[in-house]
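Shown here: target.tsv, TSV, C-alpha atoms.
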```tsv
chain	number	residue	atom	x	y	z
U	1	ASN	CA	23.62	0.09	6.99
U	2	THR	CA	21.70	1.83	9.75
U	3	PRO	CA	18.29	0.25	10.34
U	4	ILE	CA	15.37	2.48	9.42
U	5	SER	CA	12.65	2.94	12.02
U	6	ILE	CA	9.20	3.96	10.73
U	7	THR	CA	6.08	4.36	12.87
U	8	TYR	CA	2.69	5.90	12.16
U	9	SER	CA	0.34	7.54	14.66
U	10	SER	CA	-2.65	9.85	14.78
U	11	ASN	CA	-3.74	12.50	17.25
U	12	HIS	CA	-7.15	13.14	18.81
U	13	GLU	CA	-8.10	15.35	15.82
U	14	GLY	CA	-7.52	12.47	13.39
U	15	LYS	CA	-4.35	13.92	11.88
U	16	GLU	CA	-1.80	11.31	10.79
U	17	TYR	CA	1.89	11.49	11.72
U	18	ILE	CA	4.97	9.55	10.71
U	19	THR	CA	8.16	9.11	12.70
U	20	ILE	CA	11.22	8.18	10.66
U	21	ASN	CA	14.37	7.50	12.70
U	22	GLY	CA	13.07	9.66	15.56
U	23	ARG	CA	11.88	12.60	13.43
U	24	THR	CA	8.09	13.14	13.56
U	25	SER	CA	6.10	15.08	10.96
U	26	ARG	CA	2.56	15.20	9.64
U	27	VAL	CA	1.61	12.84	6.80
U	28	HIS	CA	-0.31	14.07	3.77
U	29	VAL	CA	-1.95	11.53	1.48
U	30	HIS	CA	-1.81	12.27	-2.23
U	31	THR	CA	-4.89	11.49	-4.31
U	32	ARG	CA	-3.22	8.36	-5.69
U	33	GLY	CA	-2.45	7.03	-2.19
U	34	TYR	CA	1.21	8.10	-1.93
U	35	LEU	CA	2.26	9.37	1.49
U	36	TYR	CA	4.06	12.74	1.66
U	37	THR	CA	5.68	14.61	4.53
U	38	SER	CA	8.14	17.41	5.22
U	39	TRP	CA	11.84	16.59	5.43
U	40	PRO	CA	14.96	18.65	6.25
U	41	GLY	CA	16.49	20.25	3.17
U	42	VAL	CA	13.32	19.83	1.11
U	43	ASN	CA	11.14	22.80	0.21
U	44	GLY	CA	7.54	21.60	0.65
U	45	THR	CA	6.80	17.91	0.97
U	46	ILE	CA	8.46	14.77	-0.37
U	47	GLY	CA	7.22	11.23	-0.86
U	48	VAL	CA	7.91	8.96	2.11
U	49	HIS	CA	9.13	6.31	-0.36
U	50	ARG	CA	11.82	8.73	-1.58
U	51	ILE	CA	12.90	9.55	2.00
U	52	ILE	CA	13.31	5.84	2.73
U	53	MET	CA	15.50	5.34	-0.36
U	54	ILE	CA	17.58	8.43	0.54
U	55	LEU	CA	18.21	6.90	3.97
U	56	ILE	CA	19.01	3.47	2.48
U	57	THR	CA	21.43	4.78	-0.17
U	58	GLY	CA	22.88	7.62	1.89
U	59	ARG	CA	22.49	10.07	-1.00
U	60	SER	CA	19.85	12.23	-2.63
U	61	LEU	CA	18.01	10.81	-5.62
U	62	ALA	CA	18.24	12.24	-9.11
U	63	ARG	CA	15.05	13.44	-10.80
U	64	THR	CA	15.56	10.61	-13.29
U	65	GLU	CA	15.36	8.05	-10.48
U	66	HIS	CA	11.92	6.85	-9.45
U	67	VAL	CA	11.17	4.68	-6.44
U	68	HIS	CA	9.06	1.68	-7.46
U	69	HIS	CA	6.77	-0.13	-5.00
U	70	ARG	CA	7.43	-3.79	-5.79
U	71	ASN	CA	4.02	-5.06	-4.66
U	72	GLY	CA	2.08	-2.16	-6.21
U	73	ASP	CA	0.83	-0.87	-2.82
U	74	VAL	CA	2.00	2.76	-2.75
U	75	SER	CA	1.19	3.05	0.96
U	76	ASN	CA	3.61	0.19	1.79
U	77	ASN	CA	6.89	2.05	2.25
U	78	SER	CA	8.82	-0.74	3.94
U	79	PRO	CA	12.41	-0.80	2.65
U	80	ASP	CA	12.07	-4.31	1.18
U	81	ASN	CA	9.11	-3.13	-0.95
U	82	LEU	CA	11.04	-0.27	-2.57
U	83	LYS	CA	13.44	-0.26	-5.51
U	84	ILE	CA	15.14	2.57	-7.42
U	85	ILE	CA	14.34	2.42	-11.13
U	86	ASP	CA	15.11	4.65	-14.13
U	87	ALA	CA	12.22	7.08	-14.72
U	88	ARG	CA	11.90	6.23	-18.44
U	89	ILE	CA	11.61	2.51	-17.72
U	90	HIS	CA	9.16	3.14	-14.86
U	91	ASN	CA	6.98	5.44	-16.97
U	92	SER	CA	6.87	3.06	-19.95
U	93	PHE	CA	5.94	0.16	-17.65
U	94	PHE	CA	2.96	2.08	-16.23
U	95	PHE	CA	2.02	3.43	-19.68
U	96	PHE	CA	1.68	-0.21	-20.77
U	97	LEU	CA	-0.31	-1.17	-17.63
U	98	ARG	CA	-2.73	1.74	-18.12
U	99	ASN	CA	-3.36	0.57	-21.67
U	100	LEU	CA	-4.17	-2.94	-20.44
U	101	GLN	CA	-7.15	-1.45	-18.59
U	102	HIS	CA	-8.74	-0.45	-21.90
U	103	ASP	CA	-10.19	-2.46	-24.74
U	104	PRO	CA	-7.23	-4.24	-26.41
U	105	ALA	CA	-8.57	-3.17	-29.82
U	106	THR	CA	-8.01	0.49	-28.92
U	107	PHE	CA	-4.64	0.52	-27.18
U	108	VAL	CA	-2.52	3.62	-27.38
U	109	CYS	CA	0.52	2.50	-29.35
U	110	SER	CA	3.67	2.60	-27.21
U	111	GLY	CA	5.70	3.41	-30.35
U	112	CYS	CA	3.85	6.40	-31.82
U	113	GLU	CA	1.36	7.05	-28.99
U	114	ARG	CA	-1.59	7.19	-31.43
U	115	ARG	CA	-4.84	5.45	-30.56
U	116	LEU	CA	-4.86	2.63	-33.08
U	117	PRO	CA	-5.74	-1.08	-32.98
U	118	HIS	CA	-3.19	-3.14	-31.07
U	119	LYS	CA	-1.36	-5.62	-33.31
U	120	GLY	CA	1.67	-6.73	-31.33
U	121	PRO	CA	3.43	-6.12	-28.02
U	122	GLY	CA	1.74	-2.75	-27.37
U	123	LEU	CA	2.32	-1.56	-30.95
U	124	CYS	CA	0.08	-0.55	-33.84
U	125	GLN	CA	0.49	-2.25	-37.23
U	126	SER	CA	2.76	0.51	-38.56
U	127	CYS	CA	5.14	0.44	-35.57
U	128	LEU	CA	5.12	-3.36	-35.51
U	129	THR	CA	6.12	-3.40	-39.21
U	130	LYS	CA	8.92	-0.88	-38.55
U	131	LEU	CA	10.17	-3.04	-35.66
U	132	ALA	CA	10.13	-6.14	-37.88
U	133	ARG	CA	12.13	-4.32	-40.60
U	134	LYS	CA	14.78	-3.30	-38.06
U	135	ALA	CA	15.11	-6.90	-36.91
```

Encoding of this model in structure tokens:
Amino acid sequence: NTPISITYSSNHEGKEYITINGRTSRVHVHTRGYLYTSWPGVNGTIGVHRIIMILITGRSLARTEHVHHRNGDVSNNSPDNLKIIDARIHNSFFFFLRNLQHDPATFVCSGCERRLPHKGPGLCQSCLTKLARKA
């Protein structure tokens, strides 16, 4: 594995730049804090976290592969903070976390996605009953 070199800098106008393995480009910060930049072979910009995983794995990532920030800090793109995860698993994990920010009595059910009182592990009474019947 080739070590990955990442450095950040800014110019006198306050514009931010990233240098990844000797290639420098301007950094754009997404509203959620993700860092994006241009990269060869990519039309537009790409998340720095995805570039790092491409360099680590030596292959492009499928659309169904997300890059998860282990410590939750989306600006920390160090290789040891990143992990490839299936998009469905990643999305359901964050769907659950978003619901935890709301009143537990009005969770959005992770089974049927209706806004109903939470009765079990992220499920409404109806979905919890269906799950129990299957078991």

CA of Asn43 (chain U) and CA of Lys83 (chain U) are how many Å apart?
23.9 Å

Using only C-alpha atoms, which of the listed residues (U:Thr64, U:Thr24, U:Gln125, U:Ser9) sits closest to Arg88 (chain U)?
U:Thr64

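Among the candidate residues U:Asn81, U:Gly22, U:Lys15, U:Arg32, the one lying nearest to His49 (chain U) is U:Asn81, with distances computed using only C-alpha atoms.
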
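All residues of protein, DNA or RNA that reach within 10 Å of Arg50 (chain U), judged by only C-alpha atoms and not counting those fewer than 3 positions away in the chain, are Tyr36, Ile46, Gly47, Met53, Ile54, Leu55, Ile56, Ser60, Leu61, Glu65, His66, Val67, His68, Asn77, Leu82, Lys83 and Ile84 of chain U.
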
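Between Pro79 (chain U) and the residues U:Asn21, U:Ile52, U:Tyr8, U:Thr57, the shortest atom-to-atom distance, using only C-alpha atoms, involves U:Ile52.
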
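Within a radius of 12 Å around (2.3, 2.4, -41.1), the polymer residues are Cys109, Gly111, Cys112, Arg114, Leu116, Pro117, Lys119, Leu123, Cys124, Gln125, Ser126, Cys127, Leu128, Thr129, Lys130, Leu131 and Arg133 of chain U, counting only C-alpha atoms.
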
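You will find CA of Leu35 (chain U) at 20.1 Å from CA of His12 (chain U).
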
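Coordinates place CA of Ser5 (chain U) at a distance of 7.7 Å from CA of Thr19 (chain U).
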
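Proximity ranking of U:Ser78, U:Gly72, U:Thr45, U:Ser38 relative to Ile6 (chain U) places U:Ser78 first, based on all atoms listed in the file.
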